[in-house]
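Reading through the structure tokens given below for one structure.
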Amino acid sequence: MKVSVIGTGYVGLVAAAGFAEHGNDVVCADIDEGKIARLRKGEIPIFEPGLDTLVERNVGAGRLRFTTDNGEAARHAEVIFMAVGTPSAADGSANLSYLFEAARDIARHLDHPVVVVNKSTVPVGTAERVARIMGELTKHRVVVASNPEFLKEGTAVDDFLFPDRVVIGTDDEDARELLHRLYRPFLRQSERVVYMDARSAEVTKYACNAYLATRISFVNDIANLCDLVGADVEKVRTGMGMDPRIGNKFLYPGVGYGGSCFPKDTRALLDTARAHGLSLSLVAAAERINEAQKLLLVRKARQLCGEITGKTFALWGLAFKPNTDDVRDAPALRIARALLTDGAQLRLHDPEGGPNFMQDLGDPAGTTLCDDMYEAARGAHAILLCTEWRQYRSPDFERLRELMAEPVLLDGRNQWEREQLEALGFRYAGVGR
Ligand code: NAD
């Protein structure tokens, strides 16, 4: 099948390579000339495990190519996936300007009927808005369907190639049949396609992200209670997770959720609800709890280190989660800004996210990005573990104690054991234990 994907970000590039992997002829377009130039040279502009091999294989086989020309993408395909960003606008609503701009661009260049599929996360009613916008600019028939994406950064390739489920939102029989054919090879083992109307598909995506965000905030709230009453949230969550009605996934206490999806999607869902006179108070509470949770390690730093001003803190883990270089809305950004405002010096380390982090932080005075996690710990009055990359799990603690100015470990992901660390002379604080 001839497929185009608009946007070569974390979703678009994975989807384009994934569709190509199953034998489709794919054009992937982006207005970012730098990204396309790198892709054409065989470089992958983001860090995502396994993506380089997948892209290379499909470019090599002639099934995947890149362009800065949305017109070429429009003319190429019978189905066009929209995978452009939908970031938060200042009022919390989803900023749809990239999506609408791409839709206009494609409509102007269409020379045949097409199915346009919103893969970007968009508020309810957006498929209808895109259809109207495109209908005004082309005489060719355009059906707009919703097919929200559920891949997770860090495991995006596998998530896309072996999806838990595929949600297809359209009332158009032909579009449904076409998307069924396109996805069939991904679902050989069992039928996991859920068909619905576009509005329900749009709500499904936000409901999933809001639910997962709420689970995280719930367990963080319980962790904060455990802290006060002398219980261990790690035991509590294990006991909870064994109940099959609850399950153990997404029940890890920490420094709050971040990333390019949960924060903006909960905000956008709240905005949609507000526009319809509903408060969605559970989601609003999840967001409020999360904002407070991001500063937990700063509060613990004050408790264990006293005055922040003039002290040096090492931040380990800057990306919003392991195995990605994505720092959008990462808790570490909030933590770094709070410590800098209080007059701290920062030494930063992340296996992949360092450059993006420095760019978002604005490279302020008093911050040093280190290539090596031990180098970051040198002279630090505390290490703040913000993201649980595997390499932070079992560091050489004795070496750390030698390097640090004070032996303080603030474990924002409950990766380390208090007894072991206290025996080595560290002062330790985790989350809810
Ligand atoms: P991203 O910012 O990484 O990529 C978006 C790309 O779109 C950019 O490269 C940008 O240059 C390009 N773009 C913008 N306007 C364009 C235009 N007019 N024509 C062509 N290209 C254009 O975003 P992302 O993380 O891939 O997310 C894309 C969408 O998918 C968002 O709605 C997001 O909420 C959703 N989503 C993301 C994830 C995730 O884990 N990142 C998971 C599921 C869903």
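The chains in the structure tokens are called A, B, ... from first to last as shown; in each chain the residues are counted from 1, and the ligands are counted from 1 in the order shown.
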Taking only C-alpha atoms and all ligand atoms and a cut-off of 8 Å, can you tell me which residues surround ligand 1, written as a JSON list (two decimals) with all heavy atoms, in the first residue's frame?
```json
[["chain", "number", "residue", "atom", "x", "y", "z"],
["A", 6, "ILE", "N", 3.13, 12.22, 7.95],
["A", 6, "ILE", "CA", 3.53, 13.62, 8.08],
["A", 6, "ILE", "C", 4.08, 13.83, 9.48],
["A", 6, "ILE", "O", 3.35, 13.68, 10.47],
["A", 6, "ILE", "CB", 2.34, 14.58, 7.82],
["A", 6, "ILE", "CG1", 1.60, 14.19, 6.54],
["A", 6, "ILE", "CG2", 2.81, 16.03, 7.79],
["A", 6, "ILE", "CD1", 2.44, 14.25, 5.27],
["A", 7, "GLY", "N", 5.35, 14.19, 9.57],
["A", 7, "GLY", "CA", 6.02, 14.32, 10.87],
["A", 7, "GLY", "C", 6.99, 13.17, 11.06],
["A", 7, "GLY", "O", 6.61, 12.00, 10.89],
["A", 8, "THR", "N", 8.26, 13.49, 11.35],
["A", 8, "THR", "CA", 9.25, 12.42, 11.58],
["A", 8, "THR", "C", 9.73, 12.45, 13.02],
["A", 8, "THR", "O", 10.90, 12.29, 13.30],
["A", 8, "THR", "CB", 10.49, 12.59, 10.67],
["A", 8, "THR", "OG1", 11.09, 13.86, 10.99],
["A", 8, "THR", "CG2", 10.15, 12.54, 9.22],
["A", 9, "GLY", "N", 8.80, 12.70, 13.96],
["A", 9, "GLY", "CA", 9.17, 12.72, 15.38],
["A", 9, "GLY", "C", 9.14, 11.31, 15.97],
["A", 9, "GLY", "O", 9.26, 10.31, 15.25],
["A", 10, "TYR", "N", 8.95, 11.24, 17.27],
["A", 10, "TYR", "CA", 8.98, 9.96, 17.99],
["A", 10, "TYR", "C", 7.89, 9.03, 17.46],
["A", 10, "TYR", "O", 8.08, 7.81, 17.40],
["A", 10, "TYR", "CB", 8.81, 10.19, 19.50],
["A", 10, "TYR", "CG", 10.02, 10.88, 20.10],
["A", 10, "TYR", "CD1", 10.12, 12.27, 20.11],
["A", 10, "TYR", "CD2", 11.06, 10.14, 20.65],
["A", 10, "TYR", "CE1", 11.24, 12.90, 20.64],
["A", 10, "TYR", "CE2", 12.18, 10.75, 21.19],
["A", 10, "TYR", "CZ", 12.26, 12.13, 21.18],
["A", 10, "TYR", "OH", 13.37, 12.75, 21.70],
["A", 11, "VAL", "N", 6.75, 9.58, 17.06],
["A", 11, "VAL", "CA", 5.67, 8.74, 16.54],
["A", 11, "VAL", "C", 5.81, 8.55, 15.03],
["A", 11, "VAL", "O", 5.76, 7.43, 14.52],
["A", 11, "VAL", "CB", 4.30, 9.36, 16.89],
["A", 11, "VAL", "CG1", 3.17, 8.67, 16.12],
["A", 11, "VAL", "CG2", 4.04, 9.23, 18.39],
["A", 12, "GLY", "N", 5.97, 9.66, 14.30],
["A", 12, "GLY", "CA", 5.94, 9.59, 12.84],
["A", 12, "GLY", "C", 7.04, 8.71, 12.27],
["A", 12, "GLY", "O", 6.79, 7.88, 11.38],
["A", 13, "LEU", "N", 8.24, 8.85, 12.80],
["A", 13, "LEU", "CA", 9.37, 8.09, 12.24],
["A", 13, "LEU", "C", 9.20, 6.59, 12.52],
["A", 13, "LEU", "O", 9.46, 5.75, 11.66],
["A", 13, "LEU", "CB", 10.68, 8.62, 12.81],
["A", 13, "LEU", "CG", 11.96, 8.06, 12.21],
["A", 13, "LEU", "CD1", 11.99, 8.23, 10.70],
["A", 13, "LEU", "CD2", 13.19, 8.74, 12.83],
["A", 29, "ALA", "N", 7.31, 12.76, 5.62],
["A", 29, "ALA", "CA", 7.60, 14.18, 5.38],
["A", 29, "ALA", "C", 7.74, 14.95, 6.67],
["A", 29, "ALA", "O", 7.08, 14.64, 7.66],
["A", 29, "ALA", "CB", 6.47, 14.78, 4.54],
["A", 30, "ASP", "N", 8.60, 15.95, 6.63],
["A", 30, "ASP", "CA", 8.73, 16.85, 7.78],
["A", 30, "ASP", "C", 9.15, 18.22, 7.27],
["A", 30, "ASP", "O", 9.92, 18.31, 6.31],
["A", 30, "ASP", "CB", 9.76, 16.30, 8.78],
["A", 30, "ASP", "CG", 9.54, 16.84, 10.19],
["A", 30, "ASP", "OD1", 9.65, 18.07, 10.37],
["A", 30, "ASP", "OD2", 9.25, 16.04, 11.09],
["A", 31, "ILE", "N", 8.66, 19.28, 7.91],
["A", 31, "ILE", "CA", 9.08, 20.61, 7.49],
["A", 31, "ILE", "C", 10.44, 21.00, 8.08],
["A", 31, "ILE", "O", 11.01, 22.00, 7.70],
["A", 31, "ILE", "CB", 8.04, 21.70, 7.88],
["A", 31, "ILE", "CG1", 7.63, 21.52, 9.35],
["A", 31, "ILE", "CG2", 6.83, 21.65, 6.97],
["A", 31, "ILE", "CD1", 6.82, 22.67, 9.89],
["A", 32, "ASP", "N", 10.93, 20.18, 9.00],
["A", 32, "ASP", "CA", 12.23, 20.46, 9.62],
["A", 32, "ASP", "C", 13.33, 19.96, 8.66],
["A", 32, "ASP", "O", 13.61, 18.75, 8.59],
["A", 32, "ASP", "CB", 12.30, 19.75, 10.97],
["A", 32, "ASP", "CG", 13.58, 20.06, 11.73],
["A", 32, "ASP", "OD1", 14.62, 20.33, 11.09],
["A", 32, "ASP", "OD2", 13.54, 20.04, 12.98],
["A", 35, "LYS", "N", 16.19, 17.84, 10.15],
["A", 35, "LYS", "CA", 15.86, 16.43, 10.44],
["A", 35, "LYS", "C", 15.90, 15.60, 9.16],
["A", 35, "LYS", "O", 16.44, 14.49, 9.14],
["A", 35, "LYS", "CB", 14.45, 16.34, 11.03],
["A", 35, "LYS", "CG", 14.39, 16.48, 12.52],
["A", 35, "LYS", "CD", 13.00, 16.09, 13.04],
["A", 35, "LYS", "CE", 12.92, 16.36, 14.53],
["A", 35, "LYS", "NZ", 11.58, 16.16, 15.06],
["A", 68, "THR", "N", 10.99, 16.91, 2.46],
["A", 68, "THR", "CA", 10.51, 18.12, 3.16],
["A", 68, "THR", "C", 9.26, 18.67, 2.47],
["A", 68, "THR", "O", 8.74, 19.70, 2.86],
["A", 68, "THR", "CB", 11.59, 19.23, 3.12],
["A", 68, "THR", "OG1", 12.01, 19.40, 1.76],
["A", 68, "THR", "CG2", 12.77, 18.90, 4.00],
["A", 70, "ASN", "N", 5.50, 18.32, 1.69],
["A", 70, "ASN", "CA", 4.23, 17.66, 2.02],
["A", 70, "ASN", "C", 3.43, 17.36, 0.75],
["A", 70, "ASN", "O", 2.60, 16.45, 0.74],
["A", 70, "ASN", "CB", 3.41, 18.55, 2.97],
["A", 70, "ASN", "CG", 3.88, 18.45, 4.41],
["A", 70, "ASN", "OD1", 4.55, 17.49, 4.79],
["A", 70, "ASN", "ND2", 3.55, 19.45, 5.22],
["A", 83, "ALA", "N", 1.19, 12.84, 12.00],
["A", 83, "ALA", "CA", 1.89, 12.55, 13.26],
["A", 83, "ALA", "C", 2.71, 13.77, 13.68],
["A", 83, "ALA", "O", 3.85, 13.66, 14.11],
["A", 83, "ALA", "CB", 2.78, 11.32, 13.08],
["A", 84, "VAL", "N", 2.10, 14.94, 13.53],
["A", 84, "VAL", "CA", 2.78, 16.17, 13.94],
["A", 84, "VAL", "C", 2.50, 16.43, 15.42],
["A", 84, "VAL", "O", 1.60, 15.83, 16.01],
["A", 84, "VAL", "CB", 2.33, 17.39, 13.09],
["A", 84, "VAL", "CG1", 2.63, 17.14, 11.62],
["A", 84, "VAL", "CG2", 0.85, 17.68, 13.29],
["A", 85, "GLY", "N", 3.26, 17.32, 16.02],
["A", 85, "GLY", "CA", 3.10, 17.60, 17.44],
["A", 85, "GLY", "C", 1.80, 18.34, 17.74],
["A", 85, "GLY", "O", 1.29, 19.09, 16.90],
["A", 86, "THR", "N", 1.26, 18.08, 18.94],
["A", 86, "THR", "CA", 0.07, 18.81, 19.41],
["A", 86, "THR", "C", 0.37, 19.29, 20.84],
["A", 86, "THR", "O", -0.24, 18.82, 21.80],
["A", 86, "THR", "CB", -1.17, 17.90, 19.39],
["A", 86, "THR", "OG1", -0.86, 16.65, 20.05],
["A", 86, "THR", "CG2", -1.63, 17.61, 17.98],
["A", 87, "PRO", "N", 1.34, 20.19, 20.98],
["A", 87, "PRO", "CA", 1.77, 20.59, 22.32],
["A", 87, "PRO", "C", 0.71, 21.42, 23.04],
["A", 87, "PRO", "O", -0.29, 21.79, 22.44],
["A", 87, "PRO", "CB", 3.01, 21.45, 22.03],
["A", 87, "PRO", "CG", 2.80, 21.99, 20.65],
["A", 87, "PRO", "CD", 2.03, 20.93, 19.92],
["A", 98, "TYR", "N", -0.10, 23.06, 14.16],
["A", 98, "TYR", "CA", 0.76, 22.25, 13.28],
["A", 98, "TYR", "C", -0.10, 21.28, 12.46],
["A", 98, "TYR", "O", 0.15, 21.06, 11.27],
["A", 98, "TYR", "CB", 1.78, 21.45, 14.10],
["A", 98, "TYR", "CG", 2.68, 22.31, 14.94],
["A", 98, "TYR", "CD1", 2.46, 22.46, 16.30],
["A", 98, "TYR", "CD2", 3.74, 23.00, 14.36],
["A", 98, "TYR", "CE1", 3.27, 23.27, 17.08],
["A", 98, "TYR", "CE2", 4.56, 23.82, 15.12],
["A", 98, "TYR", "CZ", 4.31, 23.95, 16.48],
["A", 98, "TYR", "OH", 5.11, 24.76, 17.25],
["A", 99, "LEU", "N", -1.09, 20.71, 13.12],
["A", 99, "LEU", "CA", -1.96, 19.75, 12.44],
["A", 99, "LEU", "C", -2.75, 20.43, 11.32],
["A", 99, "LEU", "O", -2.81, 19.92, 10.19],
["A", 99, "LEU", "CB", -2.92, 19.12, 13.46],
["A", 99, "LEU", "CG", -3.88, 18.09, 12.88],
["A", 99, "LEU", "CD1", -3.14, 16.81, 12.54],
["A", 99, "LEU", "CD2", -5.03, 17.79, 13.84],
["A", 100, "PHE", "N", -3.34, 21.56, 11.63],
["A", 100, "PHE", "CA", -4.17, 22.24, 10.63],
["A", 100, "PHE", "C", -3.30, 22.76, 9.47],
["A", 100, "PHE", "O", -3.72, 22.72, 8.32],
["A", 100, "PHE", "CB", -4.95, 23.38, 11.28],
["A", 100, "PHE", "CG", -6.02, 22.91, 12.25],
["A", 100, "PHE", "CD1", -6.52, 23.75, 13.24],
["A", 100, "PHE", "CD2", -6.52, 21.61, 12.18],
["A", 100, "PHE", "CE1", -7.49, 23.31, 14.12],
["A", 100, "PHE", "CE2", -7.49, 21.15, 13.06],
["A", 100, "PHE", "CZ", -7.98, 22.01, 14.05],
["A", 101, "GLU", "N", -2.10, 23.21, 9.80],
["A", 101, "GLU", "CA", -1.21, 23.69, 8.74],
["A", 101, "GLU", "C", -0.83, 22.53, 7.80],
["A", 101, "GLU", "O", -0.87, 22.67, 6.58],
["A", 101, "GLU", "CB", 0.06, 24.30, 9.38],
["A", 101, "GLU", "CG", 0.92, 25.11, 8.44],
["A", 101, "GLU", "CD", 0.12, 26.05, 7.53],
["A", 101, "GLU", "OE1", -0.73, 26.80, 8.06],
["A", 101, "GLU", "OE2", 0.33, 26.01, 6.30],
["A", 102, "ALA", "N", -0.53, 21.39, 8.40],
["A", 102, "ALA", "CA", -0.18, 20.22, 7.58],
["A", 102, "ALA", "C", -1.39, 19.80, 6.74],
["A", 102, "ALA", "O", -1.24, 19.45, 5.56],
["A", 102, "ALA", "CB", 0.28, 19.07, 8.48],
["A", 103, "ALA", "N", -2.58, 19.85, 7.32],
["A", 103, "ALA", "CA", -3.80, 19.44, 6.60],
["A", 103, "ALA", "C", -4.02, 20.36, 5.39],
["A", 103, "ALA", "O", -4.34, 19.89, 4.29],
["A", 103, "ALA", "CB", -5.01, 19.49, 7.54],
["A", 105, "ASP", "N", -1.76, 22.12, 3.80],
["A", 105, "ASP", "CA", -0.68, 21.87, 2.87],
["A", 105, "ASP", "C", -0.99, 20.64, 2.00],
["A", 105, "ASP", "O", -0.82, 20.67, 0.78],
["A", 105, "ASP", "CB", 0.59, 21.61, 3.70],
["A", 105, "ASP", "CG", 1.83, 22.13, 3.01],
["A", 105, "ASP", "OD1", 1.69, 22.78, 1.97],
["A", 105, "ASP", "OD2", 2.94, 21.87, 3.54],
["A", 119, "LYS", "N", -3.03, 10.45, 13.70],
["A", 119, "LYS", "CA", -2.32, 9.63, 14.67],
["A", 119, "LYS", "C", -1.88, 10.51, 15.85],
["A", 119, "LYS", "O", -1.69, 10.04, 16.96],
["A", 119, "LYS", "CB", -1.10, 8.97, 14.02],
["A", 119, "LYS", "CG", -0.73, 7.70, 14.72],
["A", 119, "LYS", "CD", 0.21, 6.87, 13.91],
["A", 119, "LYS", "CE", -0.29, 5.46, 13.69],
["A", 119, "LYS", "NZ", -1.10, 4.87, 14.75],
["A", 120, "SER", "N", -1.73, 11.79, 15.58],
["A", 120, "SER", "CA", -1.46, 12.74, 16.66],
["A", 120, "SER", "C", -2.59, 12.65, 17.68],
["A", 120, "SER", "O", -3.71, 12.30, 17.34],
["A", 120, "SER", "CB", -1.43, 14.17, 16.12],
["A", 120, "SER", "OG", -0.41, 14.33, 15.16],
["A", 121, "THR", "N", -2.25, 12.96, 18.93],
["A", 121, "THR", "CA", -3.27, 12.99, 19.98],
["A", 121, "THR", "C", -4.03, 14.31, 19.89],
["A", 121, "THR", "O", -3.42, 15.38, 20.06],
["A", 121, "THR", "CB", -2.59, 12.84, 21.36],
["A", 121, "THR", "OG1", -1.83, 11.63, 21.35],
["A", 121, "THR", "CG2", -3.60, 12.83, 22.48],
["A", 122, "VAL", "N", -5.31, 14.22, 19.60],
["A", 122, "VAL", "CA", -6.08, 15.45, 19.34],
["A", 122, "VAL", "C", -7.42, 15.42, 20.05],
["A", 122, "VAL", "O", -8.01, 14.36, 20.22],
["A", 122, "VAL", "CB", -6.31, 15.65, 17.83],
["A", 122, "VAL", "CG1", -5.00, 15.97, 17.13],
["A", 122, "VAL", "CG2", -6.96, 14.43, 17.19],
["A", 148, "PRO", "N", -5.48, 6.78, 17.13],
["A", 148, "PRO", "CA", -4.51, 7.26, 18.13],
["A", 148, "PRO", "C", -3.38, 6.25, 18.33],
["A", 148, "PRO", "O", -3.57, 5.05, 18.16],
["A", 148, "PRO", "CB", -5.36, 7.39, 19.40],
["A", 148, "PRO", "CG", -6.58, 6.58, 19.15],
["A", 148, "PRO", "CD", -6.81, 6.57, 17.68],
["A", 149, "GLU", "N", -2.22, 6.78, 18.69],
["A", 149, "GLU", "CA", -1.03, 5.94, 18.85],
["A", 149, "GLU", "C", -0.78, 5.69, 20.33],
["A", 149, "GLU", "O", -0.88, 6.60, 21.13],
["A", 149, "GLU", "CB", 0.17, 6.63, 18.20],
["A", 149, "GLU", "CG", 1.44, 5.85, 18.28],
["A", 149, "GLU", "CD", 1.27, 4.42, 17.77],
["A", 149, "GLU", "OE1", 0.82, 4.22, 16.64],
["A", 149, "GLU", "OE2", 1.59, 3.48, 18.53],
["A", 150, "PHE", "N", -0.42, 4.43, 20.65],
["A", 150, "PHE", "CA", -0.19, 4.07, 22.05],
["A", 150, "PHE", "C", 1.25, 3.65, 22.33],
["A", 150, "PHE", "O", 1.55, 3.13, 23.40],
["A", 150, "PHE", "CB", -1.15, 2.94, 22.47],
["A", 150, "PHE", "CG", -2.59, 3.35, 22.40],
["A", 150, "PHE", "CD1", -3.38, 3.01, 21.31],
["A", 150, "PHE", "CD2", -3.16, 4.11, 23.42],
["A", 150, "PHE", "CE1", -4.71, 3.40, 21.23],
["A", 150, "PHE", "CE2", -4.49, 4.51, 23.35],
["A", 150, "PHE", "CZ", -5.28, 4.16, 22.26],
["A", 151, "LEU", "N", 2.15, 3.89, 21.37],
["A", 151, "LEU", "CA", 3.54, 3.48, 21.61],
["A", 151, "LEU", "C", 4.14, 4.27, 22.77],
["A", 151, "LEU", "O", 3.67, 5.36, 23.10],
["A", 151, "LEU", "CB", 4.39, 3.64, 20.35],
["A", 151, "LEU", "CG", 4.64, 5.04, 19.77],
["A", 151, "LEU", "CD1", 5.65, 5.84, 20.57],
["A", 151, "LEU", "CD2", 5.12, 4.92, 18.35],
["A", 152, "LYS", "N", 5.18, 3.66, 23.39],
["A", 152, "LYS", "CA", 5.85, 4.31, 24.51],
["A", 152, "LYS", "C", 7.30, 4.58, 24.10],
["A", 152, "LYS", "O", 7.96, 3.68, 23.58],
["A", 152, "LYS", "CB", 5.84, 3.40, 25.75],
["A", 152, "LYS", "CG", 4.44, 2.99, 26.17],
["A", 152, "LYS", "CD", 4.45, 2.04, 27.35],
["A", 152, "LYS", "CE", 4.90, 0.62, 27.05],
["A", 152, "LYS", "NZ", 4.12, -0.13, 26.06],
["A", 153, "GLU", "N", 7.76, 5.79, 24.34],
["A", 153, "GLU", "CA", 9.16, 6.07, 24.05],
["A", 153, "GLU", "C", 10.03, 5.11, 24.87],
["A", 153, "GLU", "O", 9.72, 4.81, 26.01],
["A", 153, "GLU", "CB", 9.49, 7.53, 24.38],
["A", 153, "GLU", "CG", 8.89, 8.47, 23.36],
["A", 153, "GLU", "CD", 9.08, 9.94, 23.71],
["A", 153, "GLU", "OE1", 10.03, 10.27, 24.43],
["A", 153, "GLU", "OE2", 8.25, 10.74, 23.25],
["A", 156, "ALA", "N", 9.37, 2.00, 21.68],
["A", 156, "ALA", "CA", 8.43, 2.42, 20.63],
["A", 156, "ALA", "C", 8.39, 1.45, 19.45],
["A", 156, "ALA", "O", 7.31, 1.18, 18.90],
["A", 156, "ALA", "CB", 8.80, 3.83, 20.15],
["A", 259, "GLY", "N", 7.25, 14.08, 30.45],
["A", 259, "GLY", "CA", 7.22, 13.61, 29.08],
["A", 259, "GLY", "C", 6.32, 14.44, 28.20],
["A", 259, "GLY", "O", 5.66, 15.37, 28.65],
["A", 260, "SER", "N", 6.28, 14.02, 26.94],
["A", 260, "SER", "CA", 5.58, 14.84, 25.95],
["A", 260, "SER", "C", 4.11, 14.49, 25.88],
["A", 260, "SER", "O", 3.39, 15.04, 25.07],
["A", 260, "SER", "CB", 6.22, 14.64, 24.58],
["A", 260, "SER", "OG", 6.04, 13.29, 24.19],
["A", 261, "CYS", "N", 3.64, 13.54, 26.71],
["A", 261, "CYS", "CA", 2.23, 13.13, 26.59],
["A", 261, "CYS", "C", 1.39, 13.39, 27.84],
["A", 261, "CYS", "O", 0.44, 14.18, 27.78],
["A", 261, "CYS", "CB", 2.16, 11.66, 26.20],
["A", 261, "CYS", "SG", 2.77, 11.38, 24.52],
["A", 264, "LYS", "N", 0.71, 17.17, 28.94],
["A", 264, "LYS", "CA", -0.06, 17.98, 27.99],
["A", 264, "LYS", "C", -1.44, 17.36, 27.73],
["A", 264, "LYS", "O", -2.41, 18.08, 27.52],
["A", 264, "LYS", "CB", 0.71, 18.17, 26.68],
["A", 264, "LYS", "CG", 0.60, 17.03, 25.69],
["A", 264, "LYS", "CD", 1.12, 17.41, 24.33],
["A", 264, "LYS", "CE", 1.20, 16.20, 23.40],
["A", 264, "LYS", "NZ", -0.07, 15.56, 23.07],
["A", 265, "ASP", "N", -1.52, 16.03, 27.79],
["A", 265, "ASP", "CA", -2.80, 15.40, 27.49],
["A", 265, "ASP", "C", -3.79, 15.56, 28.64],
["A", 265, "ASP", "O", -4.99, 15.73, 28.41],
["A", 265, "ASP", "CB", -2.60, 13.92, 27.12],
["A", 265, "ASP", "CG", -1.87, 13.77, 25.78],
["A", 265, "ASP", "OD1", -1.76, 14.79, 25.05],
["A", 265, "ASP", "OD2", -1.41, 12.67, 25.46]]
```
Just the residues within 9 Å of region 380-385 of chain A, please, counting only C-alpha atoms, with nothing from its chain fewer than 3 positions along; format it as a JSON list (two decimals) with C-alpha atoms, in the first residue's frame.
```
[["chain", "number", "residue", "atom", "x", "y", "z"],
["A", 297, "LEU", "CA", 13.52, 15.79, 46.07],
["A", 298, "VAL", "CA", 14.10, 19.51, 46.54],
["A", 301, "ALA", "CA", 17.43, 18.03, 49.87],
["A", 304, "LEU", "CA", 19.08, 16.38, 54.60],
["A", 305, "CYS", "CA", 21.46, 19.11, 53.43],
["A", 311, "LYS", "CA", 25.83, 23.82, 47.56],
["A", 312, "THR", "CA", 26.48, 21.50, 44.62],
["A", 313, "PHE", "CA", 23.95, 18.89, 43.57],
["A", 314, "ALA", "CA", 24.39, 16.07, 41.09],
["A", 315, "LEU", "CA", 21.31, 15.18, 39.07],
["A", 316, "TRP", "CA", 21.36, 11.67, 37.64],
["A", 317, "GLY", "CA", 18.78, 11.06, 34.91],
["A", 345, "GLN", "CA", 25.38, 24.65, 41.50],
["A", 346, "LEU", "CA", 24.38, 21.64, 39.39],
["A", 347, "ARG", "CA", 26.36, 18.77, 37.90],
["A", 376, "ALA", "CA", 28.84, 14.45, 37.94],
["A", 377, "ALA", "CA", 29.06, 13.27, 41.56],
["A", 388, "GLU", "CA", 15.99, 5.25, 36.72],
["A", 392, "TYR", "CA", 22.34, 4.06, 38.03],
["A", 403, "LEU", "CA", 34.07, 11.71, 45.31],
["A", 404, "MET", "CA", 31.22, 13.52, 47.04],
["A", 405, "ALA", "CA", 31.48, 16.51, 49.37],
["A", 406, "GLU", "CA", 28.70, 15.05, 51.57],
["A", 407, "PRO", "CA", 27.39, 11.45, 51.53],
["A", 408, "VAL", "CA", 23.74, 12.18, 50.75],
["A", 409, "LEU", "CA", 21.64, 10.15, 48.28],
["A", 410, "LEU", "CA", 18.15, 11.29, 47.32],
["A", 411, "ASP", "CA", 16.54, 8.41, 45.50],
["A", 412, "GLY", "CA", 13.61, 9.73, 43.49],
["A", 413, "ARG", "CA", 12.89, 6.28, 42.00],
["A", 414, "ASN", "CA", 13.39, 3.92, 44.96],
["A", 415, "GLN", "CA", 16.23, 2.12, 43.25]]
```
Tell me which of A:Ala90, A:Ala275, A:Val327, A:Leu110 sits closest to His140 (chain A), counting only C-alpha atoms.
A:Leu110
Please provide as a list in words all residues within 12 Å of Arg334 (chain A), with the sequence filter that same-chain residues fewer than 4 positions apart are discarded (counting only C-alpha atoms).
Val255, Gly256, Tyr257, Gly258, Asn290, Glu291, Ala292, Gln293, Lys294, Leu295, Leu296, Leu297, Val298, Leu315, Leu318, Ala319, Phe320, Val327, Arg328, Asp329, Ala330, Ala338, Leu339, Leu340, Thr341, Phe357, Asp360, Leu361 and Cys386 of chain A
What lies within 9 Å of Ile168 (chain A) using only C-alpha atoms, ignoring chain neighbours under 6 positions off, as a count of residues only?
14
If you run DSSP on this backbone, which residues of region 194-300 of chain A come out as helix (DSSP H, G or I), and could you give them as a PyMOL selection string?
chain A and resi 198-229+233-241+262-275+281-293+296-300
Could you pull out the strand (DSSP E or B) residues of region 167-364 of chain A from DSSP and send them as an MDAnalysis selection string?
chainID A and resid 167:169 193:196 312:316 345:349
